Every structure is written in structure tokens, then in C-alpha cells.
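Comments concern the structure below.
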Amino acid sequence: MAQENRLVVQNRLYKVGRLPASRCKEPTVRPTSLAKVRAYYAQALGCLNKAWAPAIRKAGYQFWAPQLQVYSGKSSTSPCALTSTAVYCNGVIYMDGNYDIKNYRDSDPMWARATMAFLIAHEYGHHVQAMTGILVASDTREGYLNGSAAQLTESRRRELQASCLSGVYLGADKQFFPARGSFLDRWKWTVRNRGDQWNPTRSHGNKTNHGRWSLRGFEAANPSACNTFTAKPAAVS
């Protein structure tokens, strides 16, 4: 377990410094159809690759771009369990396009866009964990822990870190996206109202901690702000 502990607690990712801005603007396409949702996420994914690739290489790890699958409802043929509207599994980011279309049509369109920006960057956060060895190491640590409470705490450390890394990307690119005004207000509301608010399994962290870690990443724009594995249990509850 010593190697796994080092990978999550002392990972070289935490020493790369501020994430370089992708200099990408928010995708202009709006989620009014499945094809347009795919176009939005494909453009966003290219921007995430552009920002994270130099940081991953600077940390001494191999960079590879994740695949993207935008699907309709539960019609995906993925071998992974798509238990949420956005999932990272085996190097693939899965996004439920119907969720975004419904949000944009039935709710505040700007909130829907802020949610999309958060979700794709969160799932990319899991890809960052995969490239740096954090994801496998944390999964291994969870398997060795006794009791569901301890295992759920480990799960929350992974998930809250992914949300923090999501904030890191937006914070690094905020002048170009741009992340300000009404959009930033909606994004902040989004990250402060996600997590385990509607999740009885308590695997992602409560909404207060989710908001804190996401905003911490946004304000720092640096992966060093996202070491959830050294945080006290209350900070990842």
C-alpha cells in the first residue's frame, strides 16, 4: 500500500504549478439536439486536452486523450455501468445528451450551459487521475479499507478531487472562456448544489464540501489545491 499512498498523497501532479490556459472560449453551440450536444462536448474536450497535456507531461506522466461518447438516455452500448448523467470509465467520458437537452429546454439556459461546462471538466478530472495513477491507486486503497464508511470516504476523496480539478481548468481559462458575470454566478450555484444532496450512498461528498473544493480549484487554477487525500475527514464528508 505504500506505493498507492504515495501516488495519491504525494503525486507529482501537485507540483506542476498553475495550469496553462487553453485560451478557448465557451463553445457557441447550444444543446438543442443530440448532435449539438456532441459538438459542444467535442470542442470542450479539445480545449481540456490542450490545457492538461503540458501539465501531465511536466509531472512526468504520459498524456493521452480520452474518448468521448454522447448518448441518448440509457441507449449506450458501453460495458460500463452508466449510473449517472456523466461517467468516466476505461478512458472514455460518457455524457447523457438528453439530460443537457432537457435542462436547456426546461430550465435556465445559462445554468444548463454552466452545468455542461462543469460536468465535462469533472469527468476529465477523473481522466487526469487515471493518467497520473491516482485513480487506480485510490481504487486499490478503497479495496483494502474495512467497512463501507471508510470505503465511501475514499470514494468522496476521488470525486471531490475531480470537481476541484474541474474548477482548476475553468479558473485557468476564465479570462478567455470567459467565466464571469451571470455565467460564473450559475457555475458557482451549480457546484454548491451538487455532490450527495440527492445521493443516498454518500459517495461524492455533501454539497457544502463539493462547493468548497470546486471553488478552491477555480481560485487557485493549480492542481496543488486539489489534494483531497490529505484533507481531514470532515472536509470530505
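We name chains A, B, ... following the order of the C-alpha cells; residues begin at 1 in each chain, and ligands are numbered from 1 as shown.
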### Task
Name the residues of chain A that fall into strand (DSSP E) according to DSSP on the backbone, using the chain letters and numbers of this document, as a VMD selection string.
chain A and resid 67 to 71 86 to 89 92 to 96
Give me the range 21-139 of chain A side of the contact with range 173-188 of chain A, cut-off 10 Å, one line per residue showing its nearest atom pair and distance in Å at one decimal, counting only C-alpha atoms, sorted by chain and residue number, as a Markdown table.
| residue | atom | partner | partner_atom | distance |
| --- | --- | --- | --- | --- |
| A:Ala21 | CA | A:Asp173 | CA | 4.6 |
| A:Ser22 | CA | A:Asp173 | CA | 6.1 |
| A:Arg23 | CA | A:Phe176 | CA | 5.3 |
| A:Cys24 | CA | A:Phe177 | CA | 5.9 |
| A:Lys25 | CA | A:Phe177 | CA | 3.9 |
| A:Glu26 | CA | A:Phe177 | CA | 5.0 |
| A:Pro27 | CA | A:Phe177 | CA | 8.7 |
| A:Cys47 | CA | A:Asp173 | CA | 9.6 |
| A:Leu48 | CA | A:Asp173 | CA | 9.9 |
| A:Ala51 | CA | A:Asp173 | CA | 8.7 |
| A:Asp108 | CA | A:Arg186 | CA | 9.3 |
| A:Met110 | CA | A:Phe183 | CA | 6.4 |
| A:Trp111 | CA | A:Arg186 | CA | 5.2 |
| A:Ala112 | CA | A:Arg186 | CA | 8.7 |
| A:Arg113 | CA | A:Phe183 | CA | 8.2 |
| A:Ala114 | CA | A:Trp187 | CA | 5.0 |
| A:Thr115 | CA | A:Trp187 | CA | 6.7 |
| A:Met116 | CA | A:Trp187 | CA | 9.6 |
| A:Ala117 | CA | A:Trp187 | CA | 8.3 |
| A:Phe118 | CA | A:Trp187 | CA | 7.3 |
### Message
With DSSP run on the backbone, what are the helix (DSSP H, G or I) residues within range 35-210 of chain A? I'd like them as a VMD selection string.
### Response
chain A and resid 35 to 58 97 to 106 109 to 132 134 to 144 148 to 172 181 to 192 196 to 198 207 to 210
### Task
Counting only C-alpha atoms, figure out which residue out of A:Ala53, A:Val9, A:Ala39, A:Ala231 gets nearest to Met131 in chain A.
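Distance minimum relative to Met131 in chain A lands on A:Ala53.
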### Proximity to Gln69 in chain A - best of A:Ala121, A:Met1, A:Val236, A:Ile93, only C-alpha atoms
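Smallest separation from Gln69 in chain A among the options: A:Ile93.
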### Query
Between A:Asn206, A:Asn98, A:Gln129, A:Asn103, which is the closest to Phe63 in chain A once you count only C-alpha atoms?
A:Gln129
### Message
Report, in Å with one decimal, the straight-line distance from CA of Ala220 in chain A to CA of Asn11 in chain A.
### Response
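We find that CA of Ala220 in chain A and CA of Asn11 in chain A lie 17.6 Å from each other.
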Could you give me, as an mmCIF file with N, CA and C atoms, in the first residue's frame, the residues within 9 Å of Gly205 in chain A, counting only C-alpha atoms and dropping anything in the same chain fewer than 6 positions from it?
data_model
loop_
_atom_site.group_PDB
_atom_site.id
_atom_site.type_symbol
_atom_site.label_atom_id
_atom_site.label_comp_id
_atom_site.auth_asym_id
_atom_site.auth_seq_id
_atom_site.Cartn_x
_atom_site.Cartn_y
_atom_site.Cartn_z
ATOM 1 N N THR A 153 -15.626 7.145 2.211
ATOM 2 C CA THR A 153 -14.747 8.300 2.408
ATOM 3 C C THR A 153 -13.696 8.361 1.305
ATOM 4 N N SER A 155 -13.989 7.095 -1.709
ATOM 5 C CA SER A 155 -14.701 7.475 -2.929
ATOM 6 C C SER A 155 -14.918 8.979 -2.984
ATOM 7 N N ARG A 156 -15.286 9.566 -1.861
ATOM 8 C CA ARG A 156 -15.517 11.012 -1.831
ATOM 9 C C ARG A 156 -14.232 11.785 -2.079
ATOM 10 N N ARG A 157 -13.109 11.273 -1.619
ATOM 11 C CA ARG A 157 -11.837 11.953 -1.896
ATOM 12 C C ARG A 157 -11.581 11.997 -3.407
ATOM 13 N N GLU A 159 -13.889 11.796 -5.872
ATOM 14 C CA GLU A 159 -14.890 12.611 -6.554
ATOM 15 C C GLU A 159 -14.696 14.098 -6.290
ATOM 16 N N LEU A 160 -14.405 14.448 -5.056
ATOM 17 C CA LEU A 160 -14.187 15.861 -4.744
ATOM 18 C C LEU A 160 -12.920 16.382 -5.413
ATOM 19 N N ARG A 194 -24.310 20.428 -5.861
ATOM 20 C CA ARG A 194 -24.140 19.071 -6.377
ATOM 21 C C ARG A 194 -23.610 18.187 -5.252
ATOM 22 N N GLY A 195 -22.968 17.089 -5.616
ATOM 23 C CA GLY A 195 -22.496 16.168 -4.589
ATOM 24 C C GLY A 195 -23.593 15.211 -4.170
ATOM 25 N N ASP A 196 -23.663 14.928 -2.881
ATOM 26 C CA ASP A 196 -24.571 13.896 -2.375
ATOM 27 C C ASP A 196 -25.925 14.426 -1.927
ATOM 28 N N GLN A 197 -26.300 15.589 -2.385
ATOM 29 C CA GLN A 197 -27.582 16.154 -1.973
ATOM 30 C C GLN A 197 -28.740 15.205 -2.280
ATOM 31 N N ALA A 235 -13.654 17.469 5.923
ATOM 32 C CA ALA A 235 -13.555 18.248 4.691
ATOM 33 C C ALA A 235 -13.949 17.458 3.460
ATOM 34 N N VAL A 236 -14.096 16.142 3.618
ATOM 35 C CA VAL A 236 -14.528 15.292 2.506
ATOM 36 C C VAL A 236 -15.763 14.489 2.888
ATOM 37 N N SER A 237 -16.533 15.024 3.806
ATOM 38 C CA SER A 237 -17.749 14.326 4.239
ATOM 39 C C SER A 237 -18.874 14.524 3.236
#
Shell of 9 Å around Arg141 in chain A, only C-alpha atoms, local chain residues under 3 positions omitted, as an mmCIF file with all heavy atoms, in the first residue's frame:
data_model
loop_
_atom_site.group_PDB
_atom_site.id
_atom_site.type_symbol
_atom_site.label_atom_id
_atom_site.label_comp_id
_atom_site.auth_asym_id
_atom_site.auth_seq_id
_atom_site.Cartn_x
_atom_site.Cartn_y
_atom_site.Cartn_z
ATOM 1 N N MET A 1 0.803 -1.215 0.000
ATOM 2 C CA MET A 1 0.000 0.000 0.000
ATOM 3 C C MET A 1 0.844 1.278 0.000
ATOM 4 O O MET A 1 0.326 2.356 -0.261
ATOM 5 C CB MET A 1 -0.917 0.016 1.228
ATOM 6 C CG MET A 1 -2.066 -0.981 1.136
ATOM 7 S SD MET A 1 -3.216 -0.507 -0.178
ATOM 8 C CE MET A 1 -3.879 0.983 0.510
ATOM 9 N N GLU A 4 0.728 3.049 -3.340
ATOM 10 C CA GLU A 4 -0.578 3.662 -3.574
ATOM 11 C C GLU A 4 -0.740 4.933 -2.748
ATOM 12 O O GLU A 4 -1.265 5.943 -3.231
ATOM 13 C CB GLU A 4 -1.694 2.666 -3.246
ATOM 14 C CG GLU A 4 -1.878 1.561 -4.267
ATOM 15 C CD GLU A 4 -0.853 0.440 -4.131
ATOM 16 O OE1 GLU A 4 -0.113 0.434 -3.122
ATOM 17 O OE2 GLU A 4 -0.789 -0.418 -5.008
ATOM 18 N N ASN A 5 -0.294 4.877 -1.498
ATOM 19 C CA ASN A 5 -0.394 6.055 -0.639
ATOM 20 C C ASN A 5 0.425 7.219 -1.196
ATOM 21 O O ASN A 5 -0.022 8.377 -1.177
ATOM 22 C CB ASN A 5 0.066 5.719 0.778
ATOM 23 C CG ASN A 5 -0.891 4.784 1.492
ATOM 24 O OD1 ASN A 5 -2.062 4.694 1.137
ATOM 25 N ND2 ASN A 5 -0.399 4.069 2.489
ATOM 26 N N VAL A 136 -6.291 4.498 -10.080
ATOM 27 C CA VAL A 136 -6.073 3.090 -9.731
ATOM 28 C C VAL A 136 -5.590 2.956 -8.291
ATOM 29 O O VAL A 136 -6.025 2.070 -7.549
ATOM 30 C CB VAL A 136 -5.069 2.439 -10.709
ATOM 31 C CG1 VAL A 136 -4.651 1.063 -10.205
ATOM 32 C CG2 VAL A 136 -5.682 2.331 -12.099
ATOM 33 N N ALA A 137 -4.702 3.853 -7.875
ATOM 34 C CA ALA A 137 -4.183 3.785 -6.509
ATOM 35 C C ALA A 137 -5.296 3.980 -5.485
ATOM 36 O O ALA A 137 -5.367 3.271 -4.470
ATOM 37 C CB ALA A 137 -3.090 4.835 -6.311
ATOM 38 N N SER A 138 -6.177 4.920 -5.743
ATOM 39 C CA SER A 138 -7.279 5.159 -4.814
ATOM 40 C C SER A 138 -8.257 3.992 -4.807
ATOM 41 O O SER A 138 -8.756 3.594 -3.746
ATOM 42 C CB SER A 138 -8.010 6.456 -5.180
ATOM 43 O OG SER A 138 -9.077 6.694 -4.305
ATOM 44 N N TYR A 144 -8.811 -2.117 0.184
ATOM 45 C CA TYR A 144 -8.171 -2.598 1.405
ATOM 46 C C TYR A 144 -8.828 -2.054 2.670
ATOM 47 O O TYR A 144 -8.534 -2.530 3.769
ATOM 48 C CB TYR A 144 -6.688 -2.220 1.412
ATOM 49 C CG TYR A 144 -5.823 -3.178 0.638
ATOM 50 C CD1 TYR A 144 -5.459 -2.903 -0.683
ATOM 51 C CD2 TYR A 144 -5.353 -4.359 1.211
ATOM 52 C CE1 TYR A 144 -4.670 -3.780 -1.417
ATOM 53 C CE2 TYR A 144 -4.560 -5.241 0.495
ATOM 54 C CZ TYR A 144 -4.228 -4.950 -0.819
ATOM 55 O OH TYR A 144 -3.449 -5.823 -1.539
ATOM 56 N N LEU A 145 -9.683 -1.059 2.539
ATOM 57 C CA LEU A 145 -10.307 -0.463 3.713
ATOM 58 C C LEU A 145 -11.418 -1.355 4.247
ATOM 59 O O LEU A 145 -12.139 -2.004 3.482
ATOM 60 C CB LEU A 145 -10.873 0.912 3.367
ATOM 61 C CG LEU A 145 -9.836 1.997 3.083
ATOM 62 C CD1 LEU A 145 -10.498 3.237 2.491
ATOM 63 C CD2 LEU A 145 -9.088 2.362 4.364
ATOM 64 N N GLN A 151 -14.728 3.093 3.043
ATOM 65 C CA GLN A 151 -14.659 2.998 1.587
ATOM 66 C C GLN A 151 -15.352 4.182 0.921
ATOM 67 O O GLN A 151 -14.858 4.721 -0.077
ATOM 68 C CB GLN A 151 -15.282 1.679 1.127
ATOM 69 C CG GLN A 151 -14.451 0.465 1.522
ATOM 70 C CD GLN A 151 -15.130 -0.846 1.179
ATOM 71 O OE1 GLN A 151 -16.351 -0.936 1.146
ATOM 72 N NE2 GLN A 151 -14.333 -1.872 0.934
ATOM 73 N N GLU A 154 -13.127 7.224 0.950
ATOM 74 C CA GLU A 154 -12.139 7.180 -0.136
ATOM 75 C C GLU A 154 -12.778 7.579 -1.459
ATOM 76 O O GLU A 154 -12.185 8.327 -2.248
ATOM 77 C CB GLU A 154 -11.531 5.785 -0.241
ATOM 78 C CG GLU A 154 -10.398 5.662 -1.246
ATOM 79 C CD GLU A 154 -9.114 6.372 -0.818
ATOM 80 O OE1 GLU A 154 -8.988 6.732 0.377
ATOM 81 O OE2 GLU A 154 -8.239 6.556 -1.673
#
### Summary
In Å and to one decimal, CA of Pro20 in chain A is distant from CA of Gln62 in chain A by 17.5 Å
### Task
Rounded to one decimal place, report the CA of Tyr104 in chain A-CA of Thr32 in chain A distance in Å.
7.3 Å
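Checking A:Trp189, A:Leu19, A:Pro31, A:Ala221 one by one against Asp106 in chain A, counting only C-alpha atoms, you find the shortest gap at A:Pro31.
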### Proximity to Met95 in chain A - best of A:Leu34, A:Gly143, A:Leu7, A:Lys50, only C-alpha atoms
A:Leu34
### Query
Using only C-alpha atoms, which residues sit within 7 Å of range 223-228 of chain A once same-chain residues fewer than 6 positions away are excluded, as a PyMOL selection string?
chain A and resi 9+13-15+157+161+164-165+168+216-217
#### Entry: Residue nearest Gly17 in chain A - candidates A:Gly46, A:Pro66, A:Gly125, A:Pro54, atoms counted: only C-alpha atoms
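Among the listed residues, A:Pro54 lies closest to Gly17 in chain A.
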### Nearby residues (only C-alpha atoms) at most 10 Å from Ala86 in chain A, same-chain spacing under 2 positions excluded, as a PyMOL selection string
chain A and resi 70+82-84+88+93-97+99+116+119-120+122-123
